[in-house]
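entry01.cif follows (mmCIF, N, CA and C atoms):
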```cif
data_final
loop_
_atom_site.label_atom_id
_atom_site.label_comp_id
_atom_site.auth_asym_id
_atom_site.auth_seq_id
_atom_site.Cartn_x
_atom_site.Cartn_y
_atom_site.Cartn_z
N MET A 1 -17.25 -86.55 -70.91
CA MET A 1 -18.42 -86.26 -71.72
C MET A 1 -17.98 -86.11 -73.18
N LYS A 2 -18.62 -86.83 -74.04
CA LYS A 2 -18.21 -86.87 -75.45
C LYS A 2 -18.32 -85.50 -76.12
N ASN A 3 -19.38 -84.75 -75.86
CA ASN A 3 -19.56 -83.45 -76.50
C ASN A 3 -18.44 -82.47 -76.15
N LEU A 4 -17.96 -82.52 -74.90
CA LEU A 4 -16.86 -81.64 -74.52
C LEU A 4 -15.60 -82.00 -75.29
N ASP A 5 -15.35 -83.31 -75.48
CA ASP A 5 -14.21 -83.73 -76.28
C ASP A 5 -14.37 -83.21 -77.71
N SER A 6 -15.57 -83.26 -78.24
CA SER A 6 -15.81 -82.79 -79.60
C SER A 6 -15.56 -81.29 -79.73
N ILE A 7 -15.97 -80.53 -78.75
CA ILE A 7 -15.74 -79.09 -78.78
C ILE A 7 -14.24 -78.82 -78.73
N ASP A 8 -13.55 -79.50 -77.83
CA ASP A 8 -12.10 -79.36 -77.71
C ASP A 8 -11.41 -79.72 -79.02
N GLN A 9 -11.83 -80.81 -79.63
CA GLN A 9 -11.24 -81.24 -80.90
C GLN A 9 -11.53 -80.25 -82.02
N CYS A 10 -12.71 -79.69 -82.03
CA CYS A 10 -13.09 -78.70 -83.05
C CYS A 10 -12.22 -77.45 -82.94
N ILE A 11 -12.05 -76.96 -81.73
CA ILE A 11 -11.21 -75.78 -81.51
C ILE A 11 -9.78 -76.08 -81.91
N SER A 12 -9.28 -77.23 -81.50
CA SER A 12 -7.91 -77.62 -81.83
C SER A 12 -7.70 -77.72 -83.34
N ALA A 13 -8.64 -78.35 -84.03
CA ALA A 13 -8.53 -78.49 -85.49
C ALA A 13 -8.57 -77.13 -86.18
N ASN A 14 -9.43 -76.25 -85.70
CA ASN A 14 -9.50 -74.91 -86.30
C ASN A 14 -8.24 -74.10 -86.04
N LEU A 15 -7.65 -74.25 -84.86
CA LEU A 15 -6.39 -73.56 -84.59
C LEU A 15 -5.27 -74.11 -85.46
N ASP A 16 -5.25 -75.44 -85.65
CA ASP A 16 -4.26 -76.04 -86.55
C ASP A 16 -4.38 -75.44 -87.95
N ALA A 17 -5.60 -75.34 -88.45
CA ALA A 17 -5.83 -74.78 -89.79
C ALA A 17 -5.43 -73.31 -89.84
N TYR A 18 -5.75 -72.57 -88.79
CA TYR A 18 -5.40 -71.14 -88.73
C TYR A 18 -3.89 -70.95 -88.82
N PHE A 19 -3.14 -71.71 -88.00
CA PHE A 19 -1.69 -71.56 -88.00
C PHE A 19 -1.07 -72.05 -89.31
N LYS A 20 -1.66 -73.07 -89.90
CA LYS A 20 -1.15 -73.57 -91.19
C LYS A 20 -1.33 -72.51 -92.27
N GLU A 21 -2.48 -71.84 -92.27
CA GLU A 21 -2.75 -70.80 -93.27
C GLU A 21 -1.84 -69.59 -93.12
N LEU A 22 -1.31 -69.39 -91.93
CA LEU A 22 -0.40 -68.26 -91.72
C LEU A 22 0.92 -68.43 -92.47
N GLU A 23 1.28 -69.69 -92.72
CA GLU A 23 2.52 -70.01 -93.44
C GLU A 23 3.71 -69.27 -92.85
N GLY A 24 3.80 -69.27 -91.52
CA GLY A 24 4.95 -68.66 -90.85
C GLY A 24 4.84 -67.17 -90.61
N ASN A 25 3.81 -66.53 -91.14
CA ASN A 25 3.62 -65.09 -90.91
C ASN A 25 3.26 -64.85 -89.44
N PRO A 26 3.64 -63.71 -88.90
CA PRO A 26 3.36 -63.44 -87.49
C PRO A 26 1.87 -63.24 -87.23
N THR A 27 1.47 -63.53 -86.02
CA THR A 27 0.10 -63.31 -85.59
C THR A 27 0.11 -62.83 -84.15
N CYS A 28 -0.97 -62.27 -83.72
CA CYS A 28 -1.09 -61.87 -82.32
C CYS A 28 -2.56 -61.86 -81.94
N HIS A 29 -2.79 -61.74 -80.68
CA HIS A 29 -4.16 -61.66 -80.12
C HIS A 29 -4.98 -62.92 -80.41
N VAL A 30 -4.32 -64.07 -80.46
CA VAL A 30 -5.04 -65.33 -80.71
C VAL A 30 -6.03 -65.61 -79.59
N TRP A 31 -5.65 -65.31 -78.36
CA TRP A 31 -6.55 -65.52 -77.22
C TRP A 31 -7.86 -64.77 -77.43
N ASP A 32 -7.76 -63.49 -77.72
CA ASP A 32 -8.95 -62.67 -77.92
C ASP A 32 -9.78 -63.17 -79.09
N MET A 33 -9.13 -63.59 -80.17
CA MET A 33 -9.83 -64.08 -81.35
C MET A 33 -10.63 -65.34 -81.01
N VAL A 34 -9.98 -66.30 -80.35
CA VAL A 34 -10.65 -67.57 -80.04
C VAL A 34 -11.74 -67.37 -79.00
N MET A 35 -11.42 -66.69 -77.92
CA MET A 35 -12.40 -66.52 -76.85
C MET A 35 -13.60 -65.70 -77.32
N GLY A 36 -13.36 -64.69 -78.14
CA GLY A 36 -14.46 -63.91 -78.69
C GLY A 36 -15.37 -64.74 -79.58
N SER A 37 -14.76 -65.59 -80.40
CA SER A 37 -15.55 -66.45 -81.29
C SER A 37 -16.36 -67.46 -80.51
N VAL A 38 -15.73 -68.07 -79.51
CA VAL A 38 -16.42 -69.07 -78.69
C VAL A 38 -17.54 -68.41 -77.90
N GLU A 39 -17.26 -67.26 -77.30
CA GLU A 39 -18.27 -66.57 -76.51
C GLU A 39 -19.49 -66.21 -77.36
N LYS A 40 -19.25 -65.64 -78.53
CA LYS A 40 -20.37 -65.22 -79.38
C LYS A 40 -21.20 -66.42 -79.82
N ALA A 41 -20.54 -67.50 -80.23
CA ALA A 41 -21.26 -68.70 -80.67
C ALA A 41 -22.07 -69.29 -79.51
N MET A 42 -21.47 -69.32 -78.32
CA MET A 42 -22.16 -69.87 -77.16
C MET A 42 -23.38 -69.02 -76.80
N LEU A 43 -23.21 -67.71 -76.79
CA LEU A 43 -24.34 -66.83 -76.49
C LEU A 43 -25.48 -67.03 -77.49
N LYS A 44 -25.14 -67.09 -78.77
CA LYS A 44 -26.17 -67.28 -79.81
C LYS A 44 -26.93 -68.58 -79.61
N LYS A 45 -26.20 -69.67 -79.37
CA LYS A 45 -26.84 -70.98 -79.25
C LYS A 45 -27.70 -71.09 -78.00
N VAL A 46 -27.21 -70.58 -76.88
CA VAL A 46 -28.01 -70.67 -75.65
C VAL A 46 -29.23 -69.76 -75.75
N MET A 47 -29.08 -68.60 -76.37
CA MET A 47 -30.25 -67.73 -76.59
C MET A 47 -31.27 -68.43 -77.48
N GLU A 48 -30.82 -69.13 -78.51
CA GLU A 48 -31.74 -69.89 -79.37
C GLU A 48 -32.43 -70.98 -78.55
N TYR A 49 -31.66 -71.70 -77.73
CA TYR A 49 -32.19 -72.80 -76.91
C TYR A 49 -33.28 -72.31 -75.97
N THR A 50 -33.13 -71.09 -75.45
CA THR A 50 -34.11 -70.54 -74.51
C THR A 50 -35.14 -69.64 -75.18
N ASN A 51 -35.16 -69.66 -76.51
CA ASN A 51 -36.08 -68.80 -77.27
C ASN A 51 -35.95 -67.33 -76.88
N GLY A 52 -34.71 -66.90 -76.66
CA GLY A 52 -34.45 -65.50 -76.37
C GLY A 52 -34.69 -65.06 -74.94
N ASN A 53 -34.97 -66.01 -74.06
CA ASN A 53 -35.22 -65.67 -72.66
C ASN A 53 -33.89 -65.40 -71.96
N GLN A 54 -33.62 -64.13 -71.66
CA GLN A 54 -32.34 -63.75 -71.08
C GLN A 54 -32.15 -64.29 -69.67
N SER A 55 -33.19 -64.37 -68.89
CA SER A 55 -33.07 -64.90 -67.53
C SER A 55 -32.66 -66.36 -67.55
N LYS A 56 -33.31 -67.15 -68.41
CA LYS A 56 -32.96 -68.57 -68.54
C LYS A 56 -31.56 -68.74 -69.10
N THR A 57 -31.21 -67.91 -70.08
CA THR A 57 -29.88 -67.98 -70.68
C THR A 57 -28.82 -67.69 -69.63
N ALA A 58 -29.01 -66.64 -68.84
CA ALA A 58 -28.05 -66.29 -67.79
C ALA A 58 -27.91 -67.43 -66.79
N GLU A 59 -29.02 -68.04 -66.42
CA GLU A 59 -28.99 -69.15 -65.47
C GLU A 59 -28.20 -70.33 -66.04
N ILE A 60 -28.46 -70.68 -67.29
CA ILE A 60 -27.75 -71.79 -67.94
C ILE A 60 -26.25 -71.51 -68.00
N LEU A 61 -25.89 -70.26 -68.31
CA LEU A 61 -24.48 -69.90 -68.45
C LEU A 61 -23.80 -69.67 -67.10
N GLY A 62 -24.59 -69.53 -66.04
CA GLY A 62 -24.02 -69.31 -64.71
C GLY A 62 -23.49 -67.90 -64.51
N ILE A 63 -24.14 -66.94 -65.18
CA ILE A 63 -23.77 -65.53 -65.05
C ILE A 63 -25.01 -64.73 -64.70
N THR A 64 -24.81 -63.49 -64.26
CA THR A 64 -25.97 -62.66 -63.94
C THR A 64 -26.62 -62.17 -65.24
N ARG A 65 -27.87 -61.78 -65.12
CA ARG A 65 -28.58 -61.26 -66.29
C ARG A 65 -27.93 -59.97 -66.79
N ASN A 66 -27.43 -59.14 -65.88
CA ASN A 66 -26.75 -57.91 -66.28
C ASN A 66 -25.47 -58.22 -67.06
N THR A 67 -24.71 -59.20 -66.61
CA THR A 67 -23.49 -59.60 -67.32
C THR A 67 -23.85 -60.15 -68.70
N LEU A 68 -24.90 -60.96 -68.75
CA LEU A 68 -25.35 -61.50 -70.04
C LEU A 68 -25.71 -60.36 -70.98
N ARG A 69 -26.47 -59.41 -70.49
CA ARG A 69 -26.90 -58.29 -71.33
C ARG A 69 -25.70 -57.52 -71.89
N LYS A 70 -24.70 -57.27 -71.05
CA LYS A 70 -23.48 -56.58 -71.50
C LYS A 70 -22.78 -57.39 -72.59
N LYS A 71 -22.72 -58.71 -72.41
CA LYS A 71 -22.07 -59.57 -73.39
C LYS A 71 -22.86 -59.61 -74.70
N LEU A 72 -24.18 -59.64 -74.62
CA LEU A 72 -25.01 -59.63 -75.82
C LEU A 72 -24.83 -58.33 -76.60
N ILE A 73 -24.74 -57.23 -75.89
CA ILE A 73 -24.53 -55.93 -76.54
C ILE A 73 -23.14 -55.87 -77.16
N SER A 74 -22.12 -56.27 -76.40
CA SER A 74 -20.74 -56.17 -76.91
C SER A 74 -20.49 -57.10 -78.09
N ASN A 75 -21.27 -58.19 -78.17
CA ASN A 75 -21.14 -59.12 -79.30
C ASN A 75 -22.13 -58.80 -80.42
N HIS A 76 -22.82 -57.67 -80.30
CA HIS A 76 -23.77 -57.20 -81.32
C HIS A 76 -24.89 -58.21 -81.57
N LEU A 77 -25.34 -58.85 -80.49
CA LEU A 77 -26.43 -59.81 -80.60
C LEU A 77 -27.77 -59.19 -80.22
N ILE A 78 -27.72 -58.07 -79.51
CA ILE A 78 -28.92 -57.26 -79.24
C ILE A 78 -28.51 -55.80 -79.33
N ASN A 79 -29.51 -54.95 -79.52
CA ASN A 79 -29.26 -53.51 -79.56
C ASN A 79 -29.28 -52.95 -78.15
N GLU A 80 -28.47 -51.94 -77.92
CA GLU A 80 -28.46 -51.26 -76.63
C GLU A 80 -29.64 -50.30 -76.60
N THR A 81 -30.58 -50.55 -75.68
CA THR A 81 -31.75 -49.68 -75.57
C THR A 81 -32.01 -49.32 -74.14
#
```
Could I get this structure in the form of structure tokens?
Amino acid sequence: MKNLDSIDQCISANLDAYFKELEGNPTCHVWDMVMGSVEKAMLKKVMEYTNGNQSKTAEILGITRNTLRKKLISNHLINET
């Protein structure tokens, strides 16, 4: 699928730029940085696609609505109420 290749290439290019900007300086927690960024962007886009419908978003993502809600709260995309 072409879009998956594009996502992979985008992440790869951004990681290349990130490591280049470090200029040899140490880094850590790259996994958390990348996965957190990808997760937040994905949550935002799927929520936009479903017009904020959490049930539809959870179904599209293949996770439970409760898991989605926890992720939305932890990514500061909704308020905890």
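Taking only C-alpha atoms into account, those protein, DNA and RNA residues with any atom at most 12 Å away from (-19.7, -60.0, -79.4) amount to Asp32, Met33, Val34, Met35, Gly36, Ser37, Val38, Glu39, Lys40, Ala41, Met42, Leu43, Lys44, Leu68, Arg69, Lys70, Lys71, Leu72, Ile73, Ser74, Asn75, His76, Leu77, Ile78 and Asn79 of chain A.
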Identify, with DSSP run on backbone atoms, the residues in chain A assigned to helix (DSSP H, G or I), and express the list as a PyMOL selection string. chain A and resi 2-22+30-49+54-61+65-74
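Coordinates place CA of Cys10 in chain A at a distance of 18.6 Å from CA of Leu22 in chain A.
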Please evaluate the PyMOL selection byres (((chain A and resi 58 and name CA) around 12) and name CA) against the structure above and give the resulting residues as a ChimeraX atom specification. /A:42-43,46-47,49-50,52-57,59-72
How would the residues just chosen look if you wrote them out with N, CA and C atoms as a CSV table (one decimal), in the frame of the given file?
```
chain,number,residue,atom,x,y,z
A,42,MET,N,-21.5,-69.3,-78.3
A,42,MET,CA,-22.2,-69.9,-77.2
A,42,MET,C,-23.4,-69.0,-76.8
A,43,LEU,N,-23.2,-67.7,-76.8
A,43,LEU,CA,-24.3,-66.8,-76.5
A,43,LEU,C,-25.5,-67.0,-77.5
A,46,VAL,N,-27.2,-70.6,-76.9
A,46,VAL,CA,-28.0,-70.7,-75.6
A,46,VAL,C,-29.2,-69.8,-75.8
A,47,MET,N,-29.1,-68.6,-76.4
A,47,MET,CA,-30.2,-67.7,-76.6
A,47,MET,C,-31.3,-68.4,-77.5
A,49,TYR,N,-31.7,-71.7,-77.7
A,49,TYR,CA,-32.2,-72.8,-76.9
A,49,TYR,C,-33.3,-72.3,-76.0
A,50,THR,N,-33.1,-71.1,-75.4
A,50,THR,CA,-34.1,-70.5,-74.5
A,50,THR,C,-35.1,-69.6,-75.2
A,52,GLY,N,-34.7,-66.9,-76.7
A,52,GLY,CA,-34.4,-65.5,-76.4
A,52,GLY,C,-34.7,-65.1,-74.9
A,53,ASN,N,-35.0,-66.0,-74.1
A,53,ASN,CA,-35.2,-65.7,-72.7
A,53,ASN,C,-33.9,-65.4,-72.0
A,54,GLN,N,-33.6,-64.1,-71.7
A,54,GLN,CA,-32.3,-63.8,-71.1
A,54,GLN,C,-32.2,-64.3,-69.7
A,55,SER,N,-33.2,-64.4,-68.9
A,55,SER,CA,-33.1,-64.9,-67.5
A,55,SER,C,-32.7,-66.4,-67.6
A,56,LYS,N,-33.3,-67.2,-68.4
A,56,LYS,CA,-33.0,-68.6,-68.5
A,56,LYS,C,-31.6,-68.7,-69.1
A,57,THR,N,-31.2,-67.9,-70.1
A,57,THR,CA,-29.9,-68.0,-70.7
A,57,THR,C,-28.8,-67.7,-69.6
A,59,GLU,N,-29.0,-68.0,-66.4
A,59,GLU,CA,-29.0,-69.2,-65.5
A,59,GLU,C,-28.2,-70.3,-66.0
A,60,ILE,N,-28.5,-70.7,-67.3
A,60,ILE,CA,-27.8,-71.8,-67.9
A,60,ILE,C,-26.2,-71.5,-68.0
A,61,LEU,N,-25.9,-70.3,-68.3
A,61,LEU,CA,-24.5,-69.9,-68.4
A,61,LEU,C,-23.8,-69.7,-67.1
A,62,GLY,N,-24.6,-69.5,-66.0
A,62,GLY,CA,-24.0,-69.3,-64.7
A,62,GLY,C,-23.5,-67.9,-64.5
A,63,ILE,N,-24.1,-66.9,-65.2
A,63,ILE,CA,-23.8,-65.5,-65.0
A,63,ILE,C,-25.0,-64.7,-64.7
A,64,THR,N,-24.8,-63.5,-64.3
A,64,THR,CA,-26.0,-62.7,-63.9
A,64,THR,C,-26.6,-62.2,-65.2
A,65,ARG,N,-27.9,-61.8,-65.1
A,65,ARG,CA,-28.6,-61.3,-66.3
A,65,ARG,C,-27.9,-60.0,-66.8
A,66,ASN,N,-27.4,-59.1,-65.9
A,66,ASN,CA,-26.8,-57.9,-66.3
A,66,ASN,C,-25.5,-58.2,-67.1
A,67,THR,N,-24.7,-59.2,-66.6
A,67,THR,CA,-23.5,-59.6,-67.3
A,67,THR,C,-23.8,-60.2,-68.7
A,68,LEU,N,-24.9,-61.0,-68.8
A,68,LEU,CA,-25.4,-61.5,-70.0
A,68,LEU,C,-25.7,-60.4,-71.0
A,69,ARG,N,-26.5,-59.4,-70.5
A,69,ARG,CA,-26.9,-58.3,-71.3
A,69,ARG,C,-25.7,-57.5,-71.9
A,70,LYS,N,-24.7,-57.3,-71.0
A,70,LYS,CA,-23.5,-56.6,-71.5
A,70,LYS,C,-22.8,-57.4,-72.6
A,71,LYS,N,-22.7,-58.7,-72.4
A,71,LYS,CA,-22.1,-59.6,-73.4
A,71,LYS,C,-22.9,-59.6,-74.7
A,72,LEU,N,-24.2,-59.6,-74.6
A,72,LEU,CA,-25.0,-59.6,-75.8
A,72,LEU,C,-24.8,-58.3,-76.6
```
Point-to-point distance in Å for atom N of Ser12 in chain A and atom N of Glu48 in chain A: 23.2 Å
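Note that the spacing between atom N of Glu21 in chain A and CA of Lys45 in chain A amounts to 27.6 Å.
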